[in-house]
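As provided, structure-v6.txt (compact mmCIF, C-alpha atoms) reads as follows.
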# COMPACT_ATOMS: atom_id res chain seq x y z
CA MET Q 42 11.16 -21.59 -22.67
CA THR Q 43 9.14 -23.49 -25.29
CA MET Q 44 5.44 -24.25 -25.09
CA SER Q 45 6.24 -27.91 -24.78
CA GLN Q 46 8.39 -27.26 -21.70
CA ASN Q 47 5.60 -25.15 -20.21
CA HIS Q 48 3.16 -27.94 -20.86
CA ASN Q 49 5.44 -30.43 -19.17
CA ILE Q 50 6.12 -28.31 -16.13
CA GLY Q 51 2.39 -27.73 -15.78
CA ASN Q 52 1.68 -31.45 -15.83
CA ALA Q 53 4.53 -32.11 -13.43
CA ALA Q 54 3.27 -29.42 -11.05
CA GLU Q 55 -0.26 -30.80 -11.11
CA ASP Q 56 0.99 -34.36 -10.49
CA LEU Q 57 3.03 -33.12 -7.55
CA ILE Q 58 0.10 -31.12 -6.17
CA LYS Q 59 -2.17 -34.16 -6.41
CA GLU Q 60 0.40 -36.24 -4.54
CA GLN Q 61 0.72 -33.59 -1.83
CA PHE Q 62 -3.04 -33.70 -1.23
CA GLU Q 63 -2.93 -37.49 -1.07
CA LEU Q 64 -0.11 -37.47 1.46
CA GLU Q 65 -1.26 -34.63 3.70
CA PRO Q 66 -4.86 -34.82 4.99
CA SER Q 67 -4.74 -31.38 6.58
CA LEU Q 68 -3.61 -29.63 3.40
CA GLU Q 69 -6.37 -27.16 2.40
CA GLN Q 70 -5.08 -25.56 -0.78
CA VAL Q 71 -1.95 -25.44 -2.91
CA VAL Q 72 -0.96 -22.33 -4.82
CA TRP Q 73 1.16 -22.90 -7.88
CA ILE Q 74 3.20 -19.77 -8.54
CA ASP Q 75 3.72 -20.10 -12.26
CA SER Q 76 6.49 -18.14 -13.90
CA ASP Q 77 7.51 -18.21 -17.52
CA LYS Q 78 10.93 -16.93 -16.46
CA THR Q 79 11.97 -20.11 -14.70
CA ALA Q 80 11.75 -23.87 -15.11
CA GLU Q 81 11.13 -24.39 -11.41
CA ILE Q 82 7.99 -25.50 -9.63
CA ARG Q 83 7.08 -23.07 -6.84
CA LEU Q 84 4.31 -24.06 -4.46
CA LEU Q 85 2.65 -22.46 -1.47
CA GLU Q 86 0.99 -25.18 0.58
CA ILE Q 87 -1.81 -23.81 2.75
CA ASN Q 88 -2.12 -25.90 5.86
CA PRO Q 89 -3.72 -24.82 9.17
CA GLU Q 90 -1.37 -27.18 11.03
CA THR Q 91 1.67 -25.16 9.95
CA PRO Q 92 3.38 -23.29 12.82
CA PRO Q 93 2.21 -19.67 13.00
CA LEU Q 94 4.82 -17.57 11.23
CA GLU Q 95 4.62 -14.07 9.82
CA SER Q 96 6.96 -14.94 6.98
CA VAL Q 97 7.25 -17.38 4.09
CA LEU Q 98 10.03 -19.95 4.41
CA SER Q 99 10.56 -21.84 1.16
CA PHE Q 100 12.59 -25.03 0.83
CA TYR Q 101 14.43 -26.28 -2.24
CA PHE Q 102 14.17 -29.85 -3.52
CA PRO Q 103 16.45 -30.93 -6.35
CA PRO Q 104 15.03 -32.50 -9.51
CA TYR Q 105 15.00 -36.27 -9.88
CA GLU Q 106 14.00 -38.82 -12.47
CA GLU Q 107 10.24 -38.80 -11.85
CA LEU Q 108 10.12 -35.03 -11.25
CA PRO Q 109 12.77 -33.42 -13.45
CA TYR Q 110 12.18 -29.88 -12.17
CA ALA Q 111 13.72 -28.12 -9.23
CA THR Q 112 10.97 -27.58 -6.70
CA HIS Q 113 10.52 -24.93 -4.04
CA ILE Q 114 7.84 -25.48 -1.41
CA ALA Q 115 6.70 -23.15 1.36
CA GLU Q 116 4.09 -24.22 3.87
CA ILE Q 117 1.91 -21.43 5.24
CA ARG Q 118 -1.24 -21.00 7.31
CA PRO Q 119 -4.50 -19.83 5.67
CA GLU Q 120 -4.28 -16.40 7.33
CA VAL Q 121 -0.78 -15.91 5.94
CA TRP Q 122 -2.08 -16.54 2.41
CA LYS Q 123 -4.67 -13.80 2.97
CA LYS Q 124 -1.92 -11.45 4.10
CA ILE Q 125 0.17 -12.34 1.06
CA LEU Q 126 -2.78 -11.46 -1.18
CA ARG Q 127 -3.02 -8.11 0.61
CA HIS Q 128 0.74 -7.64 0.15
CA GLU Q 129 1.22 -7.53 3.94
CA ILE Q 130 3.64 -10.48 3.90
CA PRO Q 131 6.19 -10.72 1.09
CA LEU Q 132 6.75 -13.80 -1.02
CA PRO Q 133 10.24 -15.27 -1.36
CA GLU Q 134 12.62 -13.45 -3.69
CA GLY Q 135 11.61 -13.66 -7.35
CA TRP Q 136 8.11 -15.03 -6.62
CA THR Q 137 5.19 -12.93 -7.81
CA LEU Q 138 1.41 -13.17 -7.97
CA ASP Q 139 1.41 -12.23 -11.65
CA ASN Q 140 0.38 -15.74 -12.62
CA TYR Q 141 -0.81 -18.22 -10.05
CA LYS Q 142 -3.42 -20.94 -9.67
CA VAL Q 143 -5.05 -22.13 -6.48
CA TYR Q 144 -5.78 -25.85 -6.22
CA SER Q 145 -8.23 -27.35 -3.76
CA ARG Q 146 -8.46 -31.01 -2.84
CA GLU Q 147 -11.67 -31.37 -4.87
CA MET Q 148 -9.98 -30.06 -8.01
CA VAL Q 149 -7.31 -32.74 -8.13
CA THR Q 150 -8.91 -35.77 -6.52
CA VAL Q 151 -12.05 -36.06 -8.67
CA MET P 189 30.47 -20.49 -5.20
CA THR P 190 27.79 -17.80 -4.83
CA GLU P 191 27.50 -15.63 -1.72
CA ARG P 192 24.36 -17.56 -0.78
CA GLN P 193 26.24 -20.84 -0.99
CA HIS P 194 28.93 -19.37 1.28
CA TRP P 195 26.17 -18.51 3.76
CA GLN P 196 24.78 -22.02 3.49
CA MET P 197 28.14 -23.63 4.22
CA ALA P 198 28.73 -21.23 7.11
CA PHE P 199 25.40 -22.20 8.70
CA LEU P 200 26.27 -25.85 8.13
CA ARG P 201 29.71 -25.49 9.76
CA GLN P 202 28.13 -23.87 12.79
CA ALA P 203 25.42 -26.54 12.96
CA ARG P 204 28.14 -29.20 12.91
CA SER P 205 30.10 -27.41 15.60
CA ASP P 206 26.98 -27.03 17.80
CA TRP P 207 26.16 -30.71 17.28
CA GLU P 208 29.69 -31.73 18.23
CA ALA P 209 29.44 -29.59 21.37
CA TYR P 210 26.15 -31.36 22.21
CA GLN P 211 27.80 -34.74 21.86
CA ARG P 212 30.92 -33.80 23.80
CA THR P 213 29.09 -32.40 26.79
CA SER P 214 28.71 -35.56 28.85
CA PRO P 215 25.36 -35.88 30.63
CA ALA P 216 27.20 -37.07 33.73
CA VAL P 217 29.14 -33.82 33.96
CA TRP P 218 27.10 -31.10 32.26
CA PRO P 219 23.69 -29.78 33.34
CA ALA P 220 20.92 -30.48 30.83
CA CYS P 221 20.53 -26.76 30.01
CA HIS P 222 23.93 -26.52 28.31
CA ARG P 223 23.40 -29.67 26.26
CA LEU P 224 19.90 -28.60 25.21
CA LEU P 225 21.11 -25.17 24.21
CA PHE P 226 23.67 -26.75 21.90
CA LEU P 227 21.01 -29.10 20.52
CA GLN P 228 18.57 -26.27 19.88
CA MET P 229 21.26 -24.22 18.15
CA ALA P 230 22.41 -27.18 16.03
CA SER P 231 18.90 -27.98 14.84
CA GLU P 232 18.05 -24.34 14.10
CA LYS P 233 21.19 -23.81 12.05
CA LEU P 234 20.65 -27.10 10.25
CA GLY P 235 17.17 -25.96 9.21
CA LYS P 236 18.55 -22.59 8.12
CA ALA P 237 21.33 -24.21 6.09
CA VAL P 238 18.64 -26.11 4.16
CA LEU P 239 16.45 -23.01 3.81
CA ILE P 240 19.21 -20.95 2.23
CA ALA P 241 19.13 -23.13 -0.90
CA SER P 242 15.68 -21.73 -1.72
CA HIS P 243 14.39 -18.19 -2.23
CA SER P 244 13.46 -16.80 1.19
CA THR P 245 15.52 -13.71 1.94
CA LEU P 246 18.51 -14.07 4.22
CA GLU P 247 16.86 -11.57 6.58
CA THR P 248 13.70 -13.72 6.80
CA ILE P 249 15.77 -16.84 7.43
CA THR P 250 18.07 -15.39 10.06
CA GLN P 251 15.22 -13.76 11.97
CA SER P 252 13.14 -16.95 12.17
CA HIS P 253 13.50 -19.53 14.91
CA ALA P 254 11.12 -21.97 13.23
CA ALA P 255 13.49 -23.35 10.60
CA PHE P 256 13.88 -26.83 12.10
CA VAL P 257 10.18 -27.72 12.47
CA MET P 258 9.38 -26.26 9.06
CA PHE P 259 12.20 -28.33 7.61
CA MET P 260 10.92 -31.51 9.29
CA ARG P 261 7.42 -30.80 7.95
CA VAL P 262 8.49 -30.70 4.31
CA ALA P 263 11.60 -32.91 4.29
CA GLY P 264 9.49 -35.80 2.98
CA ASN P 265 9.68 -34.15 -0.44
CA ASN P 266 13.44 -34.70 -0.62
CA GLN P 267 13.93 -37.67 -2.90
CA LYS P 268 17.64 -38.05 -2.04
CA LEU P 269 16.61 -38.40 1.58
CA GLN P 270 13.99 -41.00 0.72
CA LYS P 271 16.62 -43.02 -1.11
CA ALA P 272 19.20 -42.65 1.65
CA LEU P 273 16.69 -43.81 4.25
CA GLY P 274 15.27 -46.50 1.96
CA MET P 275 11.73 -45.24 2.52
CA LYS P 276 8.77 -44.37 0.37
CA LYS P 277 7.56 -40.78 0.50
CA VAL P 278 4.41 -41.72 2.41
CA HIS P 279 6.36 -43.57 5.10
CA GLN P 280 9.01 -40.92 5.46
CA ARG P 281 6.38 -38.22 5.82
CA ALA P 282 4.50 -40.24 8.44
CA GLN P 283 7.67 -40.93 10.40
CA PHE P 284 8.78 -37.32 10.39
CA LYS P 285 5.30 -36.20 11.36
CA ALA P 286 5.45 -38.42 14.43
CA LEU P 287 8.65 -36.63 15.46
CA LEU P 288 7.24 -33.12 15.09
CA PRO P 289 6.08 -32.68 18.72
CA LEU P 290 9.61 -33.35 20.00
CA ALA P 291 11.15 -31.21 17.26
CA HIS P 292 8.79 -28.43 18.31
CA GLU P 293 9.88 -28.77 21.94
CA ILE P 294 13.50 -28.40 20.87
CA GLU P 295 12.61 -25.35 18.82
CA LEU P 296 10.79 -23.75 21.76
CA LEU P 297 14.01 -23.90 23.78
CA ALA P 298 15.20 -20.83 21.88
CA PRO P 299 15.14 -18.03 24.48
CA ALA P 300 13.43 -15.73 21.97
CA LEU P 301 10.46 -18.13 21.86
CA ALA P 302 10.32 -18.80 25.61
CA GLN P 303 8.49 -15.51 26.32
CA GLY P 304 10.26 -15.10 29.62
CA GLY P 305 9.53 -18.69 30.62
CA ARG P 306 11.54 -21.89 30.90
CA ASN P 307 14.55 -21.97 28.60
CA PRO P 308 18.11 -23.31 28.74
CA GLU P 309 19.90 -19.94 28.74
CA TYR P 310 18.29 -17.34 31.04
CA PRO P 311 16.65 -17.48 34.51
CA TRP P 312 12.86 -17.32 34.68
CA LYS P 313 10.06 -17.07 37.25
CA ASP P 314 7.79 -20.11 37.51
CA ALA P 315 4.04 -20.17 38.22
CA SER P 316 4.67 -20.30 41.98
CA GLY P 317 6.85 -17.21 41.88
CA ASN P 318 10.15 -19.06 42.27
CA ILE P 319 13.05 -17.69 40.27
CA LEU P 320 14.97 -20.51 38.64
CA ALA P 321 18.31 -20.74 36.88
CA PRO P 322 18.49 -23.09 33.88
CA ALA P 323 21.43 -24.91 35.51
CA ASP P 324 19.15 -25.89 38.43
CA TYR P 325 16.35 -27.27 36.28
CA PRO P 326 16.33 -30.93 35.13
CA PHE P 327 14.58 -30.36 31.75
CA PRO P 328 12.54 -33.59 31.36
CA LEU P 329 12.85 -33.16 27.58
CA MET P 330 16.40 -34.48 27.84
CA GLN P 331 15.17 -37.81 29.19
CA ARG P 332 12.53 -38.07 26.49
CA LEU P 333 15.16 -37.46 23.84
CA HIS P 334 17.47 -40.17 25.10
CA GLN P 335 15.05 -42.72 26.52
CA THR P 336 12.07 -42.87 24.14
CA PRO P 337 12.04 -44.36 20.62
CA HIS P 338 10.93 -41.05 19.07
CA GLY P 339 13.60 -39.10 20.93
CA ILE P 340 16.35 -41.49 19.92
CA GLN P 341 15.10 -41.50 16.34
CA LEU P 342 15.01 -37.70 16.18
CA LEU P 343 18.58 -37.40 17.50
CA ASN P 344 19.72 -40.04 15.00
CA TYR P 345 18.12 -38.07 12.18
CA ILE P 346 19.73 -34.82 13.27
CA GLU P 347 23.11 -36.52 13.28
CA PHE P 348 22.42 -38.07 9.89
CA PHE P 349 21.36 -34.71 8.37
CA VAL P 350 24.37 -32.90 9.82
CA LYS P 351 26.83 -35.53 8.62
CA LYS P 352 25.34 -36.15 5.17
CA PHE P 353 24.22 -32.59 4.43
CA GLU P 354 26.12 -32.16 1.16
CA GLU P 355 24.78 -35.46 -0.22
CA LEU P 356 21.20 -34.78 0.79
CA PHE P 357 20.55 -31.08 0.50
CA VAL P 358 23.02 -29.46 -1.90
What would you get if you wrote out this structure as structure tokens?
Amino acid sequence: MTMSQNHNIGNAAEDLIKEQFELEPSLEQVVWIDSDKTAEIRLLEINPETPPLESVLSFYFPPYEELPYATHIAEIRPEVWKKILRHEIPLPEGWTLDNYKVYSREMVTV
Amino acid sequence: MTERQHWQMAFLRQARSDWEAYQRTSPAVWPACHRLLFLQMASEKLGKAVLIASHSTLETITQSHAAFVMFMRVAGNNQKLQKALGMKKVHQRAQFKALLPLAHEIELLAPALAQGGRNPEYPWKDASGNILAPADYPFPLMQRLHQTPHGIQLLNYIEFFVKKFEELFV
């Protein structure tokens, strides 16, 4: 992947994250799982209104004109994120915490 | 076709079959428990068929009974669905959110989530100590599904998702 593609996917991910915060008032944080091995956007959306699950269920959304990257989104509760960080709950296949960034509402809505 | 895609189509075929069984079991003839069991199974397999396109392991997906509500919570991100429904993302998300309580009630019909309580498959003991069979119980949820705007809308969406799956989710 070229630097330009990385730059674009980063912008696209941040635009999507901003939109998610705008659309979902109860969303607390969004974790962008960045991987230089794939041109997909992978997000963990941390929302206390999510049903309590001890697993991470990610959904696929195909690319489209305004967002030309395949997107995978998993909604999780805050306590599940803590367990993921402690490696007590696994991420979906191929996702790692090697390179991730946590976004709060304040970071994207200023 | 990859093995995962074969799994996805198998879940979809079963969701379609469960949905057809729900529609064919006439409310005048069949107790609510049988119809609700088919509905719960159709919605769960529909959610799982969507989930399989992403990266969660097959084991995680098959063991979960929360696929349908999780799907309804994030479906607003599906642009094909927005176009098909002629809605903006914000409206679609709001509409689906309004349907979540009913979707959750359907999900909780799964015997594994009933924790020994009311469910459409196995007998249970109520708070007064009476032992009930699902076939004897009227399940008020059925009326809410067929006689309230949200219930009717949710059933219409399930039918739409099941019928248009390949266009919307593949």
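Residue nearest Q:Glu81, chosen from Q:Tyr105, Q:Leu68, Q:Pro93, Q:Thr112 and counting only C-alpha atoms: Q:Thr112.
Proximity ranking of P:Lys276, P:His222, P:Arg281, P:Arg212 relative to chain Q places P:Arg281 first, based on only C-alpha atoms.
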Quiz item: Skipping near chain neighbours, those fewer than 6 positions away, what residues fall within 12 Å of P:Glu208 using only C-alpha atoms, listed as a PyMOL selection string?
Solution: chain P and resi 201-202+214+223+226-227+229-231+346-347+350-351
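If you look at atom CA of Q:Leu98 and atom CA of Q:Ala115, they are 5.5 Å away from each other.
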What residues have an atom no more than 9 Å from (9.5, -27.1, 6.6) in the file's own frame, counting all atoms listed in the file, and can you write them as an mmCIF file with C-alpha atoms, in the frame of the given file?
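Final output, saved to point14.cif:
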data_model
loop_
_atom_site.group_PDB
_atom_site.id
_atom_site.type_symbol
_atom_site.label_atom_id
_atom_site.label_comp_id
_atom_site.auth_asym_id
_atom_site.auth_seq_id
_atom_site.Cartn_x
_atom_site.Cartn_y
_atom_site.Cartn_z
ATOM 1 C CA THR Q 91 1.670 -25.160 9.950
ATOM 2 C CA LEU Q 98 10.030 -19.950 4.410
ATOM 3 C CA SER Q 99 10.560 -21.840 1.160
ATOM 4 C CA PHE Q 100 12.590 -25.030 0.830
ATOM 5 C CA ILE Q 114 7.840 -25.480 -1.410
ATOM 6 C CA ALA Q 115 6.700 -23.150 1.360
ATOM 7 C CA GLU Q 116 4.090 -24.220 3.870
ATOM 8 C CA GLY P 235 17.170 -25.960 9.210
ATOM 9 C CA LEU P 239 16.450 -23.010 3.810
ATOM 10 C CA ALA P 254 11.120 -21.970 13.230
ATOM 11 C CA ALA P 255 13.490 -23.350 10.600
ATOM 12 C CA PHE P 256 13.880 -26.830 12.100
ATOM 13 C CA VAL P 257 10.180 -27.720 12.470
ATOM 14 C CA MET P 258 9.380 -26.260 9.060
ATOM 15 C CA PHE P 259 12.200 -28.330 7.610
ATOM 16 C CA MET P 260 10.920 -31.510 9.290
ATOM 17 C CA ARG P 261 7.420 -30.800 7.950
ATOM 18 C CA VAL P 262 8.490 -30.700 4.310
ATOM 19 C CA ALA P 263 11.600 -32.910 4.290
#
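Minimum atom-to-atom distances from P:Phe353, P:Thr248, P:Ala315, P:Pro289 to Q:Leu94 were compared using all atoms listed in the file, and the lowest value belongs to P:Thr248.
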Quiz prompt | Atom-to-atom span, atom CA of Q:Glu134 and atom CA of P:His243, Å | solution = 5.3 Å
